[in-house]
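Source file: entry-v1.tsv. Holds: TSV, C-alpha atoms and all ligand atoms.
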chain	number	residue	atom	x	y	z
N	119	THR	CA	16.95	2.64	1.05
N	120	MET	CA	19.12	4.09	3.84
N	121	MET	CA	17.14	7.24	4.51
N	122	ARG	CA	13.73	5.76	3.78
N	123	LYS	CA	12.04	3.92	6.62
N	124	LEU	CA	10.64	0.64	5.33
N	125	MET	CA	6.90	0.05	5.54
N	126	VAL	CA	5.18	-3.30	5.64
N	127	ALA	CA	1.44	-2.83	5.15
N	128	GLY	CA	-1.15	-5.60	5.44
N	129	ASN	CA	-4.26	-5.59	3.25
N	130	TRP	CA	-6.98	-7.83	4.61
N	131	LYS	CA	-9.27	-7.26	1.61
N	132	LEU	CA	-12.70	-8.79	2.25
N	133	ASN	CA	-11.53	-10.98	5.11
N	134	GLY	CA	-11.58	-10.89	8.88
N	135	SER	CA	-13.79	-10.46	11.90
N	136	GLN	CA	-13.55	-8.77	15.27
N	137	VAL	CA	-12.32	-12.03	16.77
N	138	MET	CA	-9.65	-12.37	14.11
N	139	LEU	CA	-8.52	-8.77	14.53
N	140	ARG	CA	-8.23	-9.12	18.31
N	141	GLN	CA	-6.23	-12.32	17.89
N	142	TRP	CA	-3.97	-10.72	15.29
N	143	LEU	CA	-3.21	-7.74	17.51
N	144	ALA	CA	-2.57	-9.94	20.55
N	145	ASP	CA	-0.16	-12.08	18.52
N	146	TYR	CA	1.48	-8.98	17.08
N	147	ALA	CA	2.00	-7.52	20.55
N	148	GLU	CA	3.79	-10.68	21.67
N	149	SER	CA	5.97	-11.05	18.62
N	150	ALA	CA	9.60	-10.12	18.62
N	151	ALA	CA	10.36	-7.64	15.87
N	152	ASP	CA	12.42	-4.53	15.50
N	153	ARG	CA	9.69	-1.94	15.82
N	154	GLU	CA	12.15	0.82	14.96
N	155	ALA	CA	13.31	-0.61	11.65
N	156	VAL	CA	9.95	-0.87	9.98
N	157	GLU	CA	6.66	1.00	9.97
N	158	VAL	CA	3.84	-1.51	10.26
N	159	ALA	CA	0.40	-0.70	8.86
N	160	LEU	CA	-2.76	-2.79	8.65
N	161	CYS	CA	-5.57	-2.01	6.20
N	162	VAL	CA	-8.83	-3.55	7.36
N	163	PRO	CA	-12.41	-3.36	6.07
N	164	TYR	CA	-14.03	-0.02	6.99
N	165	VAL	CA	-16.18	-1.45	9.79
N	166	TYR	CA	-13.12	-2.73	11.66
N	167	VAL	CA	-11.17	0.53	11.56
N	168	PRO	CA	-12.51	1.74	14.95
N	169	VAL	CA	-11.66	-1.62	16.57
N	170	LEU	CA	-8.17	-1.50	15.11
N	171	LYS	CA	-7.75	2.07	16.34
N	172	GLU	CA	-8.93	1.12	19.82
N	173	LEU	CA	-6.82	-2.00	20.21
N	174	ALA	CA	-3.71	-1.36	18.13
N	175	ALA	CA	-0.46	-0.48	19.81
N	176	ALA	CA	0.84	2.95	18.94
N	177	ASP	CA	3.30	1.40	16.52
N	178	VAL	CA	0.65	0.01	14.17
N	179	THR	CA	-0.55	2.47	11.56
N	180	VAL	CA	-4.33	2.21	11.23
N	181	GLY	CA	-5.34	1.77	7.61
N	182	ALA	CA	-8.40	1.47	5.37
N	183	GLN	CA	-8.57	-0.06	1.90
N	184	ASP	CA	-10.43	2.61	-0.03
N	185	LEU	CA	-12.30	5.89	0.36
N	186	SER	CA	-14.82	7.98	-1.52
N	187	ALA	CA	-13.74	10.38	-4.24
N	188	HIS	CA	-16.41	12.73	-2.86
N	189	GLU	CA	-16.24	14.94	0.19
N	190	LYS	CA	-19.85	14.34	1.25
N	191	GLY	CA	-23.42	14.28	0.03
N	192	ALA	CA	-25.68	11.99	-1.95
N	193	HIS	CA	-23.35	9.01	-2.41
N	194	THR	CA	-25.00	6.06	-0.71
N	195	GLY	CA	-22.63	3.47	0.67
N	196	GLU	CA	-19.51	5.59	0.40
N	197	VAL	CA	-17.08	6.48	3.19
N	198	SER	CA	-15.31	9.83	3.12
N	199	ALA	CA	-11.77	10.81	4.02
N	200	ALA	CA	-13.12	12.90	6.92
N	201	MET	CA	-15.06	9.89	8.25
N	202	LEU	CA	-11.95	7.72	8.10
N	203	LYS	CA	-10.04	10.39	9.96
N	204	ASP	CA	-12.88	10.70	12.46
N	205	VAL	CA	-12.66	7.03	13.47
N	206	GLY	CA	-8.89	7.02	13.68
N	207	ALA	CA	-7.61	5.93	10.29
N	208	GLU	CA	-4.15	7.23	9.47
N	209	LEU	CA	-3.57	5.60	6.08
N	210	VAL	CA	-5.62	4.54	3.10
N	211	LEU	CA	-5.00	2.46	-0.01
N	212	VAL	CA	-6.01	4.06	-3.29
N	213	GLY	CA	-6.39	2.43	-6.69
N	214	HIS	CA	-5.80	-1.18	-5.69
N	215	SER	CA	-6.03	-3.33	-8.81
N	216	GLU	CA	-9.11	-5.06	-7.40
N	217	ARG	CA	-10.81	-1.65	-7.20
N	218	ARG	CA	-9.61	-0.74	-10.69
N	219	GLN	CA	-10.87	-4.07	-12.10
N	220	ASP	CA	-13.98	-4.90	-10.08
N	221	HIS	CA	-15.23	-1.33	-9.68
N	222	PHE	CA	-13.91	0.19	-12.90
N	223	GLU	CA	-11.83	2.80	-11.10
N	224	SER	CA	-10.17	5.05	-13.64
N	225	ASP	CA	-6.91	6.95	-13.30
N	226	ALA	CA	-8.99	10.13	-12.96
N	227	LEU	CA	-10.95	8.65	-10.05
N	228	VAL	CA	-7.74	7.45	-8.41
N	229	ARG	CA	-6.48	11.03	-8.58
N	230	GLU	CA	-9.65	12.38	-6.94
N	231	LYS	CA	-9.34	9.83	-4.16
N	232	CYS	CA	-5.73	10.86	-3.57
N	233	GLN	CA	-6.86	14.46	-3.28
N	234	GLN	CA	-9.54	13.56	-0.76
N	235	ALA	CA	-7.08	11.56	1.34
N	236	LEU	CA	-4.50	14.33	1.27
N	237	SER	CA	-7.13	16.90	2.27
N	238	GLN	CA	-7.47	15.01	5.57
N	239	ASN	CA	-3.73	14.43	5.97
N	240	LEU	CA	-4.19	10.69	5.57
N	241	THR	CA	-1.17	8.74	4.38
N	242	VAL	CA	-1.93	7.52	0.85
N	243	VAL	CA	-0.64	4.31	-0.68
N	244	VAL	CA	-1.47	4.44	-4.37
N	245	CYS	CA	-1.29	1.12	-6.19
N	246	VAL	CA	-0.07	0.74	-9.74
N	247	GLY	CA	0.70	-2.36	-11.78
N	248	GLU	CA	0.40	-4.10	-15.11
N	249	SER	CA	-1.62	-7.16	-16.08
N	250	ARG	CA	-0.02	-10.35	-17.35
N	251	GLN	CA	-1.10	-9.51	-20.88
N	252	GLN	CA	0.37	-6.03	-20.64
N	253	ARG	CA	3.68	-7.45	-19.44
N	254	GLU	CA	3.76	-10.08	-22.15
N	255	THR	CA	3.19	-7.44	-24.81
N	256	ASP	CA	5.91	-5.17	-23.39
N	257	LYS	CA	3.49	-2.51	-22.19
N	258	THR	CA	4.57	-2.56	-18.54
N	259	PHE	CA	6.38	0.78	-18.53
N	260	VAL	CA	3.73	2.52	-20.65
N	261	VAL	CA	0.99	1.35	-18.28
N	262	ILE	CA	2.92	2.29	-15.13
N	263	LYS	CA	3.77	5.71	-16.52
N	264	GLN	CA	0.14	6.40	-17.40
N	265	GLN	CA	-1.03	5.36	-13.93
N	266	LEU	CA	1.70	7.45	-12.28
N	267	ASP	CA	1.08	10.53	-14.41
N	268	ALA	CA	-2.51	10.64	-13.17
N	269	PHE	CA	-1.46	11.60	-9.63
N	270	SER	CA	2.27	12.28	-9.41
N	271	ASP	CA	1.90	16.07	-9.49
N	272	LEU	CA	0.03	15.79	-6.17
N	273	ILE	CA	3.25	14.65	-4.45
N	274	THR	CA	5.03	17.59	-2.83
N	275	ALA	CA	7.93	18.25	-0.50
N	276	ASP	CA	5.34	18.69	2.27
N	277	ASN	CA	3.44	15.42	1.79
N	278	VAL	CA	6.10	13.06	0.42
N	279	GLY	CA	6.46	11.43	3.83
N	280	ARG	CA	2.84	10.32	3.71
N	281	PHE	CA	2.57	9.54	0.03
N	282	LEU	CA	3.63	6.07	-1.06
N	283	VAL	CA	3.39	4.17	-4.30
N	284	ALA	CA	2.88	0.40	-4.29
N	285	TYR	CA	3.96	-1.52	-7.37
N	286	GLU	CA	1.68	-4.53	-7.59
N	287	PRO	CA	1.91	-6.52	-10.80
N	288	ILE	CA	-1.58	-7.94	-11.21
N	289	TRP	CA	-0.22	-11.31	-12.31
N	290	ALA	CA	1.53	-11.63	-8.95
N	291	ILE	CA	-1.41	-10.73	-6.71
N	292	GLY	CA	-2.84	-13.70	-4.86
N	293	THR	CA	-1.29	-16.07	-7.38
N	294	GLY	CA	1.74	-17.27	-5.49
N	295	LEU	CA	3.69	-16.03	-8.49
N	296	THR	CA	5.98	-13.38	-7.01
N	297	ALA	CA	7.86	-10.99	-9.24
N	298	SER	CA	11.56	-11.73	-9.01
N	299	ALA	CA	13.55	-9.21	-7.03
N	300	GLU	CA	15.09	-8.06	-10.32
N	301	GLN	CA	11.68	-7.61	-11.96
N	302	ALA	CA	10.47	-5.61	-8.96
N	303	GLN	CA	13.62	-3.48	-8.84
N	304	GLU	CA	13.40	-2.73	-12.56
N	305	VAL	CA	9.92	-1.25	-12.21
N	306	HIS	CA	10.64	0.48	-8.89
N	307	GLN	CA	13.68	2.12	-10.45
N	308	PHE	CA	11.52	3.20	-13.38
N	309	ILE	CA	8.92	4.70	-11.04
N	310	ARG	CA	11.58	6.57	-9.08
N	311	SER	CA	13.20	7.86	-12.27
N	312	GLN	CA	9.83	9.08	-13.54
N	313	LEU	CA	9.32	10.97	-10.30
N	314	ALA	CA	12.89	12.28	-10.36
N	315	ALA	CA	12.21	13.90	-13.71
N	316	LYS	CA	9.84	16.18	-11.77
N	317	ASP	CA	11.67	16.54	-8.46
N	318	VAL	CA	14.89	14.73	-7.58
N	319	THR	CA	14.67	15.28	-3.81
N	320	MET	CA	11.07	14.09	-3.65
N	321	ALA	CA	11.94	11.03	-5.73
N	322	ARG	CA	14.72	10.11	-3.30
N	323	GLN	CA	12.38	10.45	-0.33
N	324	ILE	CA	9.26	8.67	-1.54
N	325	ARG	CA	8.76	5.11	-0.39
N	326	LEU	CA	7.91	2.51	-3.02
N	327	LEU	CA	6.33	-0.72	-1.81
N	328	TYR	CA	6.24	-4.03	-3.64
N	329	GLY	CA	3.06	-6.13	-3.57
N	330	GLY	CA	2.22	-9.51	-5.04
N	331	SER	CA	2.56	-12.83	-3.21
N	332	CYS	CA	5.16	-11.40	-0.86
N	333	LYS	CA	5.88	-13.77	2.03
N	334	GLY	CA	8.48	-14.50	4.66
N	335	SER	CA	10.55	-16.61	2.30
N	336	ASN	CA	10.92	-13.98	-0.44
N	337	ALA	CA	10.68	-10.71	1.50
N	338	PHE	CA	14.38	-10.39	2.27
N	339	GLU	CA	15.43	-10.58	-1.37
N	340	LEU	CA	12.77	-8.09	-2.44
N	341	PHE	CA	13.46	-5.64	0.39
N	342	SER	CA	17.19	-5.81	-0.33
N	343	MET	CA	16.66	-4.13	-3.68
N	344	PRO	CA	17.77	-0.49	-3.67
N	345	ASP	CA	14.40	0.94	-4.74
N	346	VAL	CA	12.13	-1.40	-2.80
N	347	ASP	CA	11.13	0.24	0.48
N	348	GLY	CA	8.88	-2.44	1.90
N	349	GLY	CA	5.79	-4.35	0.92
N	350	LEU	CA	2.04	-4.42	0.62
N	351	ILE	CA	0.89	-7.81	1.81
N	352	GLY	CA	-2.41	-9.50	1.03
N	353	GLY	CA	-2.74	-13.20	1.84
N	354	ALA	CA	0.24	-13.32	4.17
N	355	SER	CA	-1.16	-10.50	6.33
N	356	LEU	CA	-4.14	-12.53	7.56
N	357	THR	CA	-2.23	-14.05	10.45
N	358	ALA	CA	0.18	-12.07	12.59
N	359	GLU	CA	2.60	-15.01	12.41
N	360	ASP	CA	2.93	-14.87	8.61
N	361	PHE	CA	2.91	-11.09	8.62
N	362	MET	CA	5.61	-10.76	11.26
N	363	ALA	CA	7.76	-13.26	9.35
N	364	ILE	CA	7.82	-10.66	6.58
N	365	CYS	CA	8.44	-7.75	8.97
N	366	ARG	CA	11.46	-9.56	10.37
N	367	GLU	CA	13.05	-9.54	6.91
N	368	ALA	CA	12.73	-5.77	6.63
J	401	LIG	C1	-2.50	-7.17	-2.56
J	401	LIG	O1	-3.58	-7.46	-3.07
J	401	LIG	O2	-2.27	-6.01	-2.18
J	401	LIG	C2	-1.51	-8.25	-2.42
J	401	LIG	C3	-0.24	-7.93	-2.44
J	401	LIG	O3	-2.00	-9.53	-2.31
J	401	LIG	P1	-1.14	-10.89	-2.10
J	401	LIG	O4	-0.03	-10.59	-1.13
J	401	LIG	O5	-2.12	-11.88	-1.56
J	401	LIG	O6	-0.61	-11.26	-3.45

Would you give me this structure, written as structure tokens?
Amino acid sequence: TMMRKLMVAGNWKLNGSQVMLRQWLADYAESAADREAVEVALCVPYVYVPVLKELAAADVTVGAQDLSAHEKGAHTGEVSAAMLKDVGAELVLVGHSERRQDHFESDALVREKCQQALSQNLTVVVCVGESRQQRETDKTFVVIKQQLDAFSDLITADNVGRFLVAYEPIWAIGTGLTASAEQAQEVHQFIRSQLAAKDVTMARQIRLLYGGSCKGSNAFELFSMPDVDGGLIGGASLTAEDFMAICREA
């Protein structure tokens, strides 16, 4: 992980308020952490992106949790990449398992969303991961490869710095059941080797985040793994205290 700057990205999901965001940013500003060692990002609900942009210190990357697969037009309720850019977003999650499950997002749609995000020079964090059943029936690598193959050709020497992949085993999300560092490393190594088959330099440069019940007490072990370049944090990102406890392990 020497040459790859670690990222710790919070994902608030459907949580938060303006009051909570202001408090979080005030607490973050006061916290002692090595701001050089780790890139910190926070992905908030769309409506809070402008507030985050306005109040965040320059060292917090402003993130959203999703975007439209369309550029514009008759798509009621959608938010485009250009709109995100317009209000100051710098990063966007794509293909989170909750989007794939609750909103039936396909690999093809995930690809289109990546293309939209890249068209606006947004940093993309694409999420991949297997279900418990898929792991128990030894389909983990097949599933990850299929998810990766849907978008990996979009990663280039030019955009690899703002293209990340988050490995989030579904069975570990919000369950308190973290993947062991060895389980995470095994899949991260697989992802990097898949990408290396296409472009070795790009595969060495791309940052791979782990997500799934990551917290202060397990972050160090996970981030110590050679192919784990940081984390995507759900529950433990809701307070700056918990979140910074993870950042300090990076
Ligand atoms: C997530 O949903 O991206 C996530 C990692 O959630 P949690 O940390 O709560 O498991």

Dump the neighbourhood of ligand LIG 401 (chain J) as an mmCIF file with C-alpha atoms, in the frame of the given file: all residues within 10 Å, distances computed on all atoms listed in the file.
data_model
loop_
_atom_site.group_PDB
_atom_site.id
_atom_site.type_symbol
_atom_site.label_atom_id
_atom_site.label_comp_id
_atom_site.auth_asym_id
_atom_site.auth_seq_id
_atom_site.Cartn_x
_atom_site.Cartn_y
_atom_site.Cartn_z
ATOM 1 C CA ALA N 127 1.440 -2.830 5.150
ATOM 2 C CA GLY N 128 -1.150 -5.600 5.440
ATOM 3 C CA ASN N 129 -4.260 -5.590 3.250
ATOM 4 C CA TRP N 130 -6.980 -7.830 4.610
ATOM 5 C CA LYS N 131 -9.270 -7.260 1.610
ATOM 6 C CA CYS N 161 -5.570 -2.010 6.200
ATOM 7 C CA GLN N 183 -8.570 -0.060 1.900
ATOM 8 C CA LEU N 211 -5.000 2.460 -0.010
ATOM 9 C CA HIS N 214 -5.800 -1.180 -5.690
ATOM 10 C CA SER N 215 -6.030 -3.330 -8.810
ATOM 11 C CA GLU N 216 -9.110 -5.060 -7.400
ATOM 12 C CA CYS N 245 -1.290 1.120 -6.190
ATOM 13 C CA ALA N 284 2.880 0.400 -4.290
ATOM 14 C CA TYR N 285 3.960 -1.520 -7.370
ATOM 15 C CA GLU N 286 1.680 -4.530 -7.590
ATOM 16 C CA PRO N 287 1.910 -6.520 -10.800
ATOM 17 C CA ILE N 288 -1.580 -7.940 -11.210
ATOM 18 C CA TRP N 289 -0.220 -11.310 -12.310
ATOM 19 C CA ALA N 290 1.530 -11.630 -8.950
ATOM 20 C CA ILE N 291 -1.410 -10.730 -6.710
ATOM 21 C CA GLY N 292 -2.840 -13.700 -4.860
ATOM 22 C CA THR N 293 -1.290 -16.070 -7.380
ATOM 23 C CA GLY N 294 1.740 -17.270 -5.490
ATOM 24 C CA LEU N 295 3.690 -16.030 -8.490
ATOM 25 C CA THR N 296 5.980 -13.380 -7.010
ATOM 26 C CA LEU N 327 6.330 -0.720 -1.810
ATOM 27 C CA TYR N 328 6.240 -4.030 -3.640
ATOM 28 C CA GLY N 329 3.060 -6.130 -3.570
ATOM 29 C CA GLY N 330 2.220 -9.510 -5.040
ATOM 30 C CA SER N 331 2.560 -12.830 -3.210
ATOM 31 C CA CYS N 332 5.160 -11.400 -0.860
ATOM 32 C CA LYS N 333 5.880 -13.770 2.030
ATOM 33 C CA GLY N 349 5.790 -4.350 0.920
ATOM 34 C CA LEU N 350 2.040 -4.420 0.620
ATOM 35 C CA ILE N 351 0.890 -7.810 1.810
ATOM 36 C CA GLY N 352 -2.410 -9.500 1.030
ATOM 37 C CA GLY N 353 -2.740 -13.200 1.840
ATOM 38 C CA ALA N 354 0.240 -13.320 4.170
ATOM 39 C CA SER N 355 -1.160 -10.500 6.330
ATOM 40 C CA LEU N 356 -4.140 -12.530 7.560
#

**OP:** May I ask which of the residues N:Thr179, N:Ser270, N:Thr357, N:Gln301 is the closest one to N:Ala315, counting only C-alpha atoms?
**Re:**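 Counting only C-alpha atoms, the residue closest to N:Ala315 is N:Ser270.
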
Original post:
Separation of atom CA of N:Gln264 and atom CA of N:Arg310, in Å?
Top reply: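 Answer for the atom CA of N:Gln264 to atom CA of N:Arg310 separation: 14.1 Å.
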
Subject >> Point-to-point distance from atom CA of N:Glu300 to atom CA of N:Asp347, Å rounded to tenths >> reply: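 That distance, rounded to one decimal, is 14.2 Å.
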
**OP:** Using all atoms listed in the file, find the one residue out of N:Ala337, N:Val346, N:Val210, N:Val162 that sits nearest to N:Glu367.
**Re:**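 Among the listed residues, the smallest separation from N:Glu367 belongs to N:Ala337.
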
**OP:** Name the residues in contact with N:Pro163 at a cut-off of 12 Å, using all atoms listed in the file, excluding same-chain residues fewer than 2 positions from it; report them as number ranges by chain.
**Re:** N: 128-136, 139, 160-161, 165-170, 180-185, 197, 202, 207, 210-211

Original post:
So which residues fall inside 12 Å of (18.7, 8.9, -3.8) if we count all atoms listed in the file? Mind giving them as an MDAnalysis selection string?
Top reply: chainID N and resid 119:122 307 310:311 313:314 317:325 344:345

Original post:
Hey, which of N:Ala159, N:Val205, N:Leu143, N:Ile262 ends up closest to N:Cys365? Count all atoms listed in the file.
Top reply: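 Comparing N:Ala159, N:Val205, N:Leu143, N:Ile262 against N:Cys365, the winner is N:Ala159.
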
Original post:
Any idea what the distance is between atom CA of N:Arg229 and atom CA of N:Lys263?
Top reply: 14.0 Å

Original post:
Neighbours of N:Ser237 within 10 Å (all atoms listed in the file; same-chain residues fewer than 6 positions away dropped), as a VMD selection string?
Top reply: chain N and resid 189 199 to 200 231

I'd like the neighbourhood of N:Val260 as a PDB file with C-alpha atoms, in the coordinates of the input, where a residue qualifies if any of its atoms comes within 12 Å (using only C-alpha atoms), though same-chain residues fewer than 5 positions away should be ignored.
ATOM      1  CA  VAL N 246      -0.070   0.740  -9.740  1.00  0.00           C
ATOM      2  CA  GLY N 247       0.700  -2.360 -11.780  1.00  0.00           C
ATOM      3  CA  GLU N 248       0.400  -4.100 -15.110  1.00  0.00           C
ATOM      4  CA  SER N 249      -1.620  -7.160 -16.080  1.00  0.00           C
ATOM      5  CA  GLN N 252       0.370  -6.030 -20.640  1.00  0.00           C
ATOM      6  CA  ARG N 253       3.680  -7.450 -19.440  1.00  0.00           C
ATOM      7  CA  THR N 255       3.190  -7.440 -24.810  1.00  0.00           C
ATOM      8  CA  GLN N 265      -1.030   5.360 -13.930  1.00  0.00           C
ATOM      9  CA  LEU N 266       1.700   7.450 -12.280  1.00  0.00           C
ATOM     10  CA  ASP N 267       1.080  10.530 -14.410  1.00  0.00           C
ATOM     11  CA  VAL N 305       9.920  -1.250 -12.210  1.00  0.00           C
ATOM     12  CA  PHE N 308      11.520   3.200 -13.380  1.00  0.00           C
ATOM     13  CA  ILE N 309       8.920   4.700 -11.040  1.00  0.00           C
ATOM     14  CA  GLN N 312       9.830   9.080 -13.540  1.00  0.00           C
TER      15      GLN N 312
END

Original post:
Closest to N:Lys190 among N:Met362, N:Arg217, N:Thr274, N:Gln234, using only C-alpha atoms?
Top reply: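 Closest residue, counting only C-alpha atoms: N:Gln234.
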
Polymer residues at most 12 Å from N:Ala144, all atoms listed in the file, same-chain spacing of 2 or more positions, as a PDB file with C-alpha atoms, in the coordinates of the input:
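File produced: part.pdb:
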ATOM      1  CA  VAL N 137     -12.320 -12.030  16.770  1.00  0.00           C
ATOM      2  CA  MET N 138      -9.650 -12.370  14.110  1.00  0.00           C
ATOM      3  CA  LEU N 139      -8.520  -8.770  14.530  1.00  0.00           C
ATOM      4  CA  ARG N 140      -8.230  -9.120  18.310  1.00  0.00           C
ATOM      5  CA  GLN N 141      -6.230 -12.320  17.890  1.00  0.00           C
ATOM      6  CA  TRP N 142      -3.970 -10.720  15.290  1.00  0.00           C
ATOM      7  CA  TYR N 146       1.480  -8.980  17.080  1.00  0.00           C
ATOM      8  CA  ALA N 147       2.000  -7.520  20.550  1.00  0.00           C
ATOM      9  CA  GLU N 148       3.790 -10.680  21.670  1.00  0.00           C
ATOM     10  CA  SER N 149       5.970 -11.050  18.620  1.00  0.00           C
ATOM     11  CA  LEU N 170      -8.170  -1.500  15.110  1.00  0.00           C
ATOM     12  CA  LEU N 173      -6.820  -2.000  20.210  1.00  0.00           C
ATOM     13  CA  ALA N 174      -3.710  -1.360  18.130  1.00  0.00           C
ATOM     14  CA  ALA N 175      -0.460  -0.480  19.810  1.00  0.00           C
ATOM     15  CA  THR N 357      -2.230 -14.050  10.450  1.00  0.00           C
ATOM     16  CA  ALA N 358       0.180 -12.070  12.590  1.00  0.00           C
ATOM     17  CA  GLU N 359       2.600 -15.010  12.410  1.00  0.00           C
TER      18      GLU N 359
END

Find the residues around N:Glu230 up to 10 Å (all atoms listed in the file counted), leave out those fewer than 2 positions away in its own chain, and share them as an mmCIF file with C-alpha atoms, keeping the file's coordinate frame.
data_model
loop_
_atom_site.group_PDB
_atom_site.id
_atom_site.type_symbol
_atom_site.label_atom_id
_atom_site.label_comp_id
_atom_site.auth_asym_id
_atom_site.auth_seq_id
_atom_site.Cartn_x
_atom_site.Cartn_y
_atom_site.Cartn_z
ATOM 1 C CA SER N 186 -14.820 7.980 -1.520
ATOM 2 C CA ALA N 187 -13.740 10.380 -4.240
ATOM 3 C CA HIS N 188 -16.410 12.730 -2.860
ATOM 4 C CA VAL N 212 -6.010 4.060 -3.290
ATOM 5 C CA SER N 224 -10.170 5.050 -13.640
ATOM 6 C CA ASP N 225 -6.910 6.950 -13.300
ATOM 7 C CA ALA N 226 -8.990 10.130 -12.960
ATOM 8 C CA LEU N 227 -10.950 8.650 -10.050
ATOM 9 C CA VAL N 228 -7.740 7.450 -8.410
ATOM 10 C CA CYS N 232 -5.730 10.860 -3.570
ATOM 11 C CA GLN N 233 -6.860 14.460 -3.280
ATOM 12 C CA GLN N 234 -9.540 13.560 -0.760
ATOM 13 C CA ALA N 235 -7.080 11.560 1.340
ATOM 14 C CA LEU N 236 -4.500 14.330 1.270
ATOM 15 C CA ALA N 268 -2.510 10.640 -13.170
ATOM 16 C CA PHE N 269 -1.460 11.600 -9.630
#

Original post:
Which one of N:Val278, N:Val156, N:Val261, N:Met343 sits closest to N:Ser298 if you count only C-alpha atoms?
Top reply: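 Among the listed residues, N:Met343 lies closest to N:Ser298.
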
Subject >> Which of N:His221, N:Lys123, N:Lys203, N:Lys171 sits closest to N:Val158 [using all atoms listed in the file] >> reply: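 Counting all atoms listed in the file, the residue closest to N:Val158 is N:Lys123.
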
Mind filling out stretch 356-368 of chain N with N, CA and C atoms and sending it as a PDB file, keeping the file's coordinate frame?
ATOM      1  N   LEU N 356      -2.939 -12.102   6.834  1.00  0.00           N
ATOM      2  CA  LEU N 356      -4.140 -12.530   7.560  1.00  0.00           C
ATOM      3  C   LEU N 356      -3.838 -13.117   8.928  1.00  0.00           C
ATOM      4  N   THR N 357      -2.641 -13.664   9.094  1.00  0.00           N
ATOM      5  CA  THR N 357      -2.230 -14.050  10.450  1.00  0.00           C
ATOM      6  C   THR N 357      -1.014 -13.221  10.833  1.00  0.00           C
ATOM      7  N   ALA N 358      -0.955 -12.866  12.108  1.00  0.00           N
ATOM      8  CA  ALA N 358       0.180 -12.070  12.590  1.00  0.00           C
ATOM      9  C   ALA N 358       1.475 -12.852  12.419  1.00  0.00           C
ATOM     10  N   GLU N 359       1.393 -14.173  12.533  1.00  0.00           N
ATOM     11  CA  GLU N 359       2.600 -15.010  12.410  1.00  0.00           C
ATOM     12  C   GLU N 359       3.231 -14.843  11.017  1.00  0.00           C
ATOM     13  N   ASP N 360       2.417 -15.028   9.975  1.00  0.00           N
ATOM     14  CA  ASP N 360       2.930 -14.870   8.610  1.00  0.00           C
ATOM     15  C   ASP N 360       3.395 -13.436   8.358  1.00  0.00           C
ATOM     16  N   PHE N 361       2.608 -12.501   8.859  1.00  0.00           N
ATOM     17  CA  PHE N 361       2.910 -11.090   8.620  1.00  0.00           C
ATOM     18  C   PHE N 361       4.216 -10.684   9.293  1.00  0.00           C
ATOM     19  N   MET N 362       4.397 -11.129  10.528  1.00  0.00           N
ATOM     20  CA  MET N 362       5.610 -10.760  11.260  1.00  0.00           C
ATOM     21  C   MET N 362       6.845 -11.438  10.662  1.00  0.00           C
ATOM     22  N   ALA N 363       6.641 -12.594  10.024  1.00  0.00           N
ATOM     23  CA  ALA N 363       7.760 -13.260   9.350  1.00  0.00           C
ATOM     24  C   ALA N 363       8.299 -12.346   8.240  1.00  0.00           C
ATOM     25  N   ILE N 364       7.398 -11.608   7.623  1.00  0.00           N
ATOM     26  CA  ILE N 364       7.820 -10.660   6.580  1.00  0.00           C
ATOM     27  C   ILE N 364       8.488  -9.445   7.220  1.00  0.00           C
ATOM     28  N   CYS N 365       7.877  -8.936   8.290  1.00  0.00           N
ATOM     29  CA  CYS N 365       8.440  -7.750   8.970  1.00  0.00           C
ATOM     30  C   CYS N 365       9.860  -8.007   9.451  1.00  0.00           C
ATOM     31  N   ARG N 366      10.118  -9.234   9.877  1.00  0.00           N
ATOM     32  CA  ARG N 366      11.460  -9.560  10.370  1.00  0.00           C
ATOM     33  C   ARG N 366      12.514  -9.509   9.276  1.00  0.00           C
ATOM     34  N   GLU N 367      12.097  -9.601   8.034  1.00  0.00           N
ATOM     35  CA  GLU N 367      13.050  -9.540   6.910  1.00  0.00           C
ATOM     36  C   GLU N 367      13.344  -8.105   6.501  1.00  0.00           C
ATOM     37  N   ALA N 368      12.586  -7.176   7.056  1.00  0.00           N
ATOM     38  CA  ALA N 368      12.730  -5.770   6.630  1.00  0.00           C
ATOM     39  C   ALA N 368      13.951  -5.112   7.279  1.00  0.00           C
TER      40      ALA N 368
END
